[in-house]
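See structure below.
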Amino acid sequence: MTCFAQVRKRPLNKKELAKNEEDIIETLSNSLVVHETKLKVDLTEYMEKHEFVFDAVLNEEVSNDEVYRETVEPIVPIIFQRTKATCFAYGQTGSGKTYTMKPLPLKASRDILRLMHHTYRNQGFHLFVSFFEIYGGKLYDLLSDRKKLCMREDGKQQVCIVGLKEFRVLDVETIKELIEKGNATRSTGTTGANEESSRSHAILQLAIKRSVDGKESKPPRVVGKLSFIDLAGSERGADTTDNDKQTRMEGAEINKSLLALKECIRALDNDQGHIPFRGSKLTEVLRDSFMGNSRTVMISCISPSSGSCEHTLNTLRYADRVKSLSKGGNSKKDVLSSTMNLKESTAQPLSLGLPTASTFEDDINDTWPDQNERDDFNAPEDSFEQEKLMWKKNGKLDQYGFSTAENKLRKPNGQTKWKEPVRSDIKHSKSDDDLNALLQEEEDLVNAHRKQVEETMNIVKEEMNLLVEADQPGNQLDDYISRLTTILSQKAAGITQLQTRLANFQRRLKEHNVLVSSSGY
Ligand code: ADP
Ligand code: MG
């Protein structure tokens, strides 16, 4: 399985323009730079640049038609050849996920029907559509008045959504009506339009089925599937601290599903034995789309404005983690991609740069010849390379930026050294689990640190205000003392909390023999 990672930047909207917000995203053909304004402790500003490389970067001038041509069009033909393809829109609410995703299924259906009526004429192929939503961990049918659905796993670990309406479509007009109906049902949910859609994942699936031996009497079998997933807003992490219990739980559920999705894509991309599908409803539902021949396209949508900087960086870091780590088993490229991850990490003084699953895997492959089955799956990879060439031919993607990445590769700058895993220490699936857990813990730690830095900044601002007030004539000493006391204990608590977290993480790394030296050189 290969994940094709794209970023789409939307234009500044009226509100942002009215607030005079700046466009902080500089785009190149397949890389982009985020210009983040930061404050020093003395409150003077400085600029930090974050560079990211993806398979493609679509800027604000790229139309929806071009998005279709670059992301979905190349994969339509392969779903007639036993392949499942999944296209995700990821990003914070308001970044353009729905805008990007909405036109894709209809365009794809048009192409599918065209192939069915020409290339695959009279070969017993049928097109089916279904459209549902995952909201608060529950499934609702968007083509059947939001009927609540259950999910069941059969003996063969096949996930089946009981009662999901699936419509066979013969022409573009019918599918257009169905898609519009589903979209309308989605946006008129119980609590109203945008709020609800930002908290749910919408999943539209186009299934290609074929009657066995061309006989119409038997139920047709699924040949391939194309899924379009408009994910819940990625900023939902903030909800986990909300006072409303319902909101908090929904936020936690969304976090969990986005995290599980990332872990599944990474695990599949590395051909890891254990895929953590059970991590969430979303990944369970998508299980069959990820098995066998599969393709994933992740379109990460970003807002260009300075006000969205933090969310944008979070989105890009997520996208960076799901982008393909191994293409065609070429280990040089593997190193390259993981170095690019490290590079992004080192650009961030806050990130630890735990080696990614792929570097770990590669180490195993290097020292353990019998694990080298990865070389066997060249055929699908080749066809993917060809698809990428098609993408390339579309104009914008004339280079992949490997050269810049390679330059970076020559100056490794990691602060930590990683021990080669010892052959006898490793049980394959156990190490996968451990590694996933470790990666998760790393991410939690870095997030906690980031949050702590933000809090510190806020506290510092408060302290500066307090100092200004203290200088005013007639200042109340009582008030000053009590506020300073609160501030100092807030600072101390924050530091202690982070120290505990860090110590725990170090202990965990030691347990797993990952870290050779934690104190640098
Ligand atoms: P999300 O689904 O991520 O919450 P939307 O797709 O609803 O965000 O987009 C938010 C707003 O921005 C909408 O009004 C949409 O029309 C507009 N928008 C998003 N992307 C673009 C784009 N590439 N070009 C023009 N307008 C856009
Ligand atoms: Mg939306």
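To be explicit about the labels: the chains of the structure tokens are called A, B, and onward in the order shown, and within each one the residues are counted from 1, while ligands get numbers from 1 in the order they are shown.
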
Check: Hey, which residues come within 7 Å of ligand 2 if we count only C-alpha atoms and all ligand atoms? Could you give them as a ChimeraX atom specification?
Finding: /A:93-94,96-98,194,197-198,230

Can I get the selection written as a JSON list (two decimals), in the first residue's frame, with all heavy atoms?
[["chain", "number", "residue", "atom", "x", "y", "z"],
["A", 93, "THR", "N", -11.16, 22.70, 10.73],
["A", 93, "THR", "CA", -12.44, 23.20, 10.22],
["A", 93, "THR", "C", -12.21, 24.54, 9.51],
["A", 93, "THR", "O", -11.50, 25.39, 10.03],
["A", 93, "THR", "CB", -13.43, 23.36, 11.38],
["A", 93, "THR", "OG1", -13.58, 22.08, 11.99],
["A", 93, "THR", "CG2", -14.78, 23.85, 10.90],
["A", 94, "GLY", "N", -12.79, 24.66, 8.32],
["A", 94, "GLY", "CA", -12.64, 25.90, 7.58],
["A", 94, "GLY", "C", -11.44, 25.92, 6.65],
["A", 94, "GLY", "O", -11.20, 26.91, 5.96],
["A", 96, "GLY", "N", -11.01, 23.93, 4.06],
["A", 96, "GLY", "CA", -11.37, 23.59, 2.68],
["A", 96, "GLY", "C", -11.56, 22.12, 2.40],
["A", 96, "GLY", "O", -11.56, 21.71, 1.24],
["A", 97, "LYS", "N", -11.76, 21.30, 3.43],
["A", 97, "LYS", "CA", -11.94, 19.86, 3.22],
["A", 97, "LYS", "C", -13.17, 19.58, 2.37],
["A", 97, "LYS", "O", -13.10, 18.88, 1.36],
["A", 97, "LYS", "CB", -12.09, 19.12, 4.56],
["A", 97, "LYS", "CG", -10.87, 19.12, 5.43],
["A", 97, "LYS", "CD", -11.09, 18.31, 6.69],
["A", 97, "LYS", "CE", -12.20, 18.88, 7.56],
["A", 97, "LYS", "NZ", -11.94, 20.22, 8.07],
["A", 98, "THR", "N", -14.31, 20.13, 2.80],
["A", 98, "THR", "CA", -15.56, 19.84, 2.09],
["A", 98, "THR", "C", -15.53, 20.44, 0.68],
["A", 98, "THR", "O", -15.93, 19.80, -0.28],
["A", 98, "THR", "CB", -16.76, 20.37, 2.90],
["A", 98, "THR", "OG1", -16.68, 19.79, 4.21],
["A", 98, "THR", "CG2", -18.07, 19.99, 2.25],
["A", 194, "ASN", "N", -22.53, 23.64, 10.04],
["A", 194, "ASN", "CA", -21.08, 23.49, 10.09],
["A", 194, "ASN", "C", -20.56, 22.81, 11.35],
["A", 194, "ASN", "O", -19.64, 22.02, 11.31],
["A", 194, "ASN", "CB", -20.41, 24.85, 9.93],
["A", 194, "ASN", "CG", -19.32, 24.77, 8.88],
["A", 194, "ASN", "OD1", -18.89, 23.67, 8.53],
["A", 194, "ASN", "ND2", -18.89, 25.91, 8.38],
["A", 197, "SER", "N", -20.91, 19.05, 10.98],
["A", 197, "SER", "CA", -20.08, 18.39, 9.97],
["A", 197, "SER", "C", -18.61, 18.43, 10.37],
["A", 197, "SER", "O", -17.83, 17.58, 9.99],
["A", 197, "SER", "CB", -20.29, 19.00, 8.59],
["A", 197, "SER", "OG", -19.62, 20.24, 8.48],
["A", 198, "SER", "N", -18.24, 19.40, 11.19],
["A", 198, "SER", "CA", -16.84, 19.45, 11.60],
["A", 198, "SER", "C", -16.53, 18.37, 12.64],
["A", 198, "SER", "O", -15.38, 18.11, 12.95],
["A", 198, "SER", "CB", -16.50, 20.82, 12.17],
["A", 198, "SER", "OG", -16.97, 20.94, 13.49],
["A", 230, "ASP", "N", -14.42, 12.76, 3.94],
["A", 230, "ASP", "CA", -14.29, 14.13, 4.43],
["A", 230, "ASP", "C", -14.18, 14.00, 5.95],
["A", 230, "ASP", "O", -15.17, 13.77, 6.63],
["A", 230, "ASP", "CB", -15.55, 14.89, 3.98],
["A", 230, "ASP", "CG", -15.49, 16.38, 4.29],
["A", 230, "ASP", "OD1", -14.53, 16.82, 4.94],
["A", 230, "ASP", "OD2", -16.44, 17.08, 3.89]]

Checklist line | Neighbour list for Leu488 in chain A as a PyMOL selection string, cut-off 12 Å, only C-alpha atoms, skip fewer than 4 positions in-chain | finding: chain A and resi 456+459-460+462-463+481-484+492-495

Save the residues we just selected, N, CA and C atoms, as a PDB file, in the first residue's frame?
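Output contents, as saved in selection.pdb:
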ATOM      1  N   THR A 456       3.416  28.808  28.970  1.00  0.00           N
ATOM      2  CA  THR A 456       4.458  29.673  29.519  1.00  0.00           C
ATOM      3  C   THR A 456       4.400  31.056  28.877  1.00  0.00           C
ATOM      4  N   ILE A 459       1.637  32.914  30.357  1.00  0.00           N
ATOM      5  CA  ILE A 459       1.963  33.332  31.720  1.00  0.00           C
ATOM      6  C   ILE A 459       2.927  34.519  31.688  1.00  0.00           C
ATOM      7  N   VAL A 460       3.914  34.443  30.772  1.00  0.00           N
ATOM      8  CA  VAL A 460       4.883  35.544  30.681  1.00  0.00           C
ATOM      9  C   VAL A 460       4.176  36.848  30.325  1.00  0.00           C
ATOM     10  N   GLU A 462       1.175  37.579  31.031  1.00  0.00           N
ATOM     11  CA  GLU A 462       0.461  37.995  32.238  1.00  0.00           C
ATOM     12  C   GLU A 462       1.417  38.655  33.225  1.00  0.00           C
ATOM     13  N   GLU A 463       2.609  38.059  33.329  1.00  0.00           N
ATOM     14  CA  GLU A 463       3.608  38.634  34.237  1.00  0.00           C
ATOM     15  C   GLU A 463       4.017  40.040  33.807  1.00  0.00           C
ATOM     16  N   ILE A 481       0.741  40.581  45.218  1.00  0.00           N
ATOM     17  CA  ILE A 481       1.312  39.383  45.843  1.00  0.00           C
ATOM     18  C   ILE A 481       0.502  38.142  45.486  1.00  0.00           C
ATOM     19  N   SER A 482      -0.801  38.243  45.574  1.00  0.00           N
ATOM     20  CA  SER A 482      -1.588  37.029  45.334  1.00  0.00           C
ATOM     21  C   SER A 482      -1.496  36.619  43.862  1.00  0.00           C
ATOM     22  N   ARG A 483      -1.472  37.598  42.959  1.00  0.00           N
ATOM     23  CA  ARG A 483      -1.363  37.219  41.551  1.00  0.00           C
ATOM     24  C   ARG A 483       0.005  36.630  41.213  1.00  0.00           C
ATOM     25  N   LEU A 484       1.036  37.211  41.824  1.00  0.00           N
ATOM     26  CA  LEU A 484       2.368  36.665  41.575  1.00  0.00           C
ATOM     27  C   LEU A 484       2.481  35.239  42.125  1.00  0.00           C
ATOM     28  N   ALA A 492       5.518  26.544  38.187  1.00  0.00           N
ATOM     29  CA  ALA A 492       6.162  25.388  38.822  1.00  0.00           C
ATOM     30  C   ALA A 492       5.409  24.103  38.481  1.00  0.00           C
ATOM     31  N   ALA A 493       4.070  24.174  38.540  1.00  0.00           N
ATOM     32  CA  ALA A 493       3.271  22.972  38.265  1.00  0.00           C
ATOM     33  C   ALA A 493       3.505  22.500  36.833  1.00  0.00           C
ATOM     34  N   GLY A 494       3.545  23.464  35.924  1.00  0.00           N
ATOM     35  CA  GLY A 494       3.757  23.116  34.511  1.00  0.00           C
ATOM     36  C   GLY A 494       5.081  22.402  34.308  1.00  0.00           C
ATOM     37  N   ILE A 495       6.121  22.929  34.937  1.00  0.00           N
ATOM     38  CA  ILE A 495       7.450  22.342  34.786  1.00  0.00           C
ATOM     39  C   ILE A 495       7.509  20.942  35.399  1.00  0.00           C
TER      40      ILE A 495
END

Next item on the list: Compute the set of protein, DNA and RNA residues whose minimum atom distance to ligand 1 is at most 10 Å, using only C-alpha atoms and all ligand atoms, and state it as a ChimeraX atom specification.
Entry: /A:8-14,58-64,67,89-102,194-195,197-199,230-234,300-303

Write out the residues from the selection above, keeping C-alpha atoms, as a PDB file, in the first residue's frame.
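So result.pdb came out as:
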ATOM      1  CA  ARG A   8      -3.981  22.034  -0.713  1.00  0.00           C
ATOM      2  CA  LYS A   9      -3.787  25.629   0.362  1.00  0.00           C
ATOM      3  CA  ARG A  10      -6.948  27.708   0.095  1.00  0.00           C
ATOM      4  CA  PRO A  11      -6.969  31.463  -0.574  1.00  0.00           C
ATOM      5  CA  LEU A  12      -7.371  33.938   2.285  1.00  0.00           C
ATOM      6  CA  ASN A  13     -11.084  34.441   2.937  1.00  0.00           C
ATOM      7  CA  LYS A  14     -12.932  37.734   3.414  1.00  0.00           C
ATOM      8  CA  LEU A  58      -1.549  22.627  -4.684  1.00  0.00           C
ATOM      9  CA  ASN A  59      -1.691  26.337  -4.115  1.00  0.00           C
ATOM     10  CA  GLU A  60      -4.652  28.714  -3.936  1.00  0.00           C
ATOM     11  CA  GLU A  61      -4.752  29.061  -7.711  1.00  0.00           C
ATOM     12  CA  VAL A  62      -5.399  25.394  -8.348  1.00  0.00           C
ATOM     13  CA  SER A  63      -9.019  24.685  -9.276  1.00  0.00           C
ATOM     14  CA  ASN A  64     -11.171  21.777  -8.164  1.00  0.00           C
ATOM     15  CA  VAL A  67      -7.369  18.686  -7.972  1.00  0.00           C
ATOM     16  CA  ALA A  89      -9.475  15.268   3.148  1.00  0.00           C
ATOM     17  CA  TYR A  90      -7.723  16.188   6.375  1.00  0.00           C
ATOM     18  CA  GLY A  91      -7.412  19.550   8.105  1.00  0.00           C
ATOM     19  CA  GLN A  92      -8.851  21.989  10.578  1.00  0.00           C
ATOM     20  CA  THR A  93     -12.435  23.199  10.216  1.00  0.00           C
ATOM     21  CA  GLY A  94     -12.644  25.902   7.575  1.00  0.00           C
ATOM     22  CA  SER A  95      -9.480  24.808   5.764  1.00  0.00           C
ATOM     23  CA  GLY A  96     -11.374  23.593   2.682  1.00  0.00           C
ATOM     24  CA  LYS A  97     -11.941  19.861   3.215  1.00  0.00           C
ATOM     25  CA  THR A  98     -15.561  19.842   2.085  1.00  0.00           C
ATOM     26  CA  TYR A  99     -14.862  22.313  -0.711  1.00  0.00           C
ATOM     27  CA  THR A 100     -12.114  20.006  -1.971  1.00  0.00           C
ATOM     28  CA  MET A 101     -13.900  16.704  -1.452  1.00  0.00           C
ATOM     29  CA  LYS A 102     -17.410  17.516  -2.596  1.00  0.00           C
ATOM     30  CA  ASN A 194     -21.079  23.486  10.092  1.00  0.00           C
ATOM     31  CA  GLU A 195     -20.772  22.621  13.746  1.00  0.00           C
ATOM     32  CA  SER A 197     -20.085  18.390   9.973  1.00  0.00           C
ATOM     33  CA  SER A 198     -16.836  19.451  11.604  1.00  0.00           C
ATOM     34  CA  ARG A 199     -17.392  16.713  14.182  1.00  0.00           C
ATOM     35  CA  ASP A 230     -14.292  14.130   4.427  1.00  0.00           C
ATOM     36  CA  LEU A 231     -12.717  13.831   7.859  1.00  0.00           C
ATOM     37  CA  ALA A 232     -13.780  15.596  11.034  1.00  0.00           C
ATOM     38  CA  GLY A 233     -11.946  18.824  11.824  1.00  0.00           C
ATOM     39  CA  SER A 234      -8.453  18.026  13.056  1.00  0.00           C
ATOM     40  CA  SER A 300      -4.285  17.871   3.671  1.00  0.00           C
ATOM     41  CA  CYS A 301      -6.109  21.169   3.548  1.00  0.00           C
ATOM     42  CA  ILE A 302      -4.549  24.230   5.095  1.00  0.00           C
ATOM     43  CA  SER A 303      -5.647  27.772   5.793  1.00  0.00           C
TER      44      SER A 303
END

Next item on the list: Give the answer as one residue: which of A:Phe128, A:Tyr120, A:Phe4, A:Phe52 has the shortest atom-to-atom distance to Thr312 in chain A, using only C-alpha atoms?
Entry: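 Using only C-alpha atoms, the shortest distance to Thr312 in chain A belongs to A:Phe52.
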
Next item on the list: Please run DSSP on the backbone and report, as a PyMOL selection string, all residues within range 39-139 of chain A that come out as strand (DSSP E or B).
Entry: chain A and resi 39+45-53+56-58+84-90+125-135+138-139

Selected residues written out, C-alpha atoms, as a PDB file, in the first residue's frame:
ATOM      1  CA  LEU A  39       7.808  35.909  20.303  1.00  0.00           C
ATOM      2  CA  GLU A  45       9.148  39.073  17.233  1.00  0.00           C
ATOM      3  CA  TYR A  46      11.185  36.704  15.139  1.00  0.00           C
ATOM      4  CA  MET A  47      10.437  34.463  12.193  1.00  0.00           C
ATOM      5  CA  GLU A  48      10.721  30.714  12.176  1.00  0.00           C
ATOM      6  CA  LYS A  49      10.571  28.836   8.872  1.00  0.00           C
ATOM      7  CA  HIS A  50       9.226  25.308   8.637  1.00  0.00           C
ATOM      8  CA  GLU A  51       9.824  23.477   5.392  1.00  0.00           C
ATOM      9  CA  PHE A  52       7.848  20.419   4.314  1.00  0.00           C
ATOM     10  CA  VAL A  53       8.109  18.216   1.247  1.00  0.00           C
ATOM     11  CA  ALA A  56       2.405  17.525  -4.445  1.00  0.00           C
ATOM     12  CA  VAL A  57       1.497  20.947  -3.161  1.00  0.00           C
ATOM     13  CA  LEU A  58      -1.549  22.627  -4.684  1.00  0.00           C
ATOM     14  CA  LYS A  84      -9.394  -0.316  -3.380  1.00  0.00           C
ATOM     15  CA  ALA A  85      -8.566   3.336  -3.328  1.00  0.00           C
ATOM     16  CA  THR A  86      -9.298   5.816  -0.570  1.00  0.00           C
ATOM     17  CA  CYS A  87      -9.090   9.567  -0.745  1.00  0.00           C
ATOM     18  CA  PHE A  88      -9.075  11.582   2.469  1.00  0.00           C
ATOM     19  CA  ALA A  89      -9.475  15.268   3.148  1.00  0.00           C
ATOM     20  CA  TYR A  90      -7.723  16.188   6.375  1.00  0.00           C
ATOM     21  CA  PHE A 125     -19.711  -4.443 -14.193  1.00  0.00           C
ATOM     22  CA  HIS A 126     -22.050  -2.367 -12.035  1.00  0.00           C
ATOM     23  CA  LEU A 127     -21.552   0.793 -10.045  1.00  0.00           C
ATOM     24  CA  PHE A 128     -22.987   1.145  -6.535  1.00  0.00           C
ATOM     25  CA  VAL A 129     -22.963   4.120  -4.216  1.00  0.00           C
ATOM     26  CA  SER A 130     -23.344   4.427  -0.463  1.00  0.00           C
ATOM     27  CA  PHE A 131     -22.885   7.446   1.764  1.00  0.00           C
ATOM     28  CA  PHE A 132     -22.703   7.462   5.537  1.00  0.00           C
ATOM     29  CA  GLU A 133     -21.335   9.407   8.435  1.00  0.00           C
ATOM     30  CA  ILE A 134     -19.476   8.541  11.618  1.00  0.00           C
ATOM     31  CA  TYR A 135     -20.514  10.877  14.372  1.00  0.00           C
ATOM     32  CA  LYS A 138     -21.766   5.884  15.645  1.00  0.00           C
ATOM     33  CA  LEU A 139     -22.754   5.306  12.038  1.00  0.00           C
TER      34      LEU A 139
END

Item checked: Residue among A:Arg248, A:Asn436, A:Tyr140, A:Gln157 lying closest to Gly279 in chain A, counting only C-alpha atoms ->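 Of the candidates, the smallest distance to Gly279 in chain A is held by A:Asn436.
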
Note to self: Please compute the CA of Leu498 in chain A-CA of Glu310 in chain A distance, one decimal, in Å.
What the structure shows: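 Rounded to one decimal, the two atoms are 20.4 Å apart.
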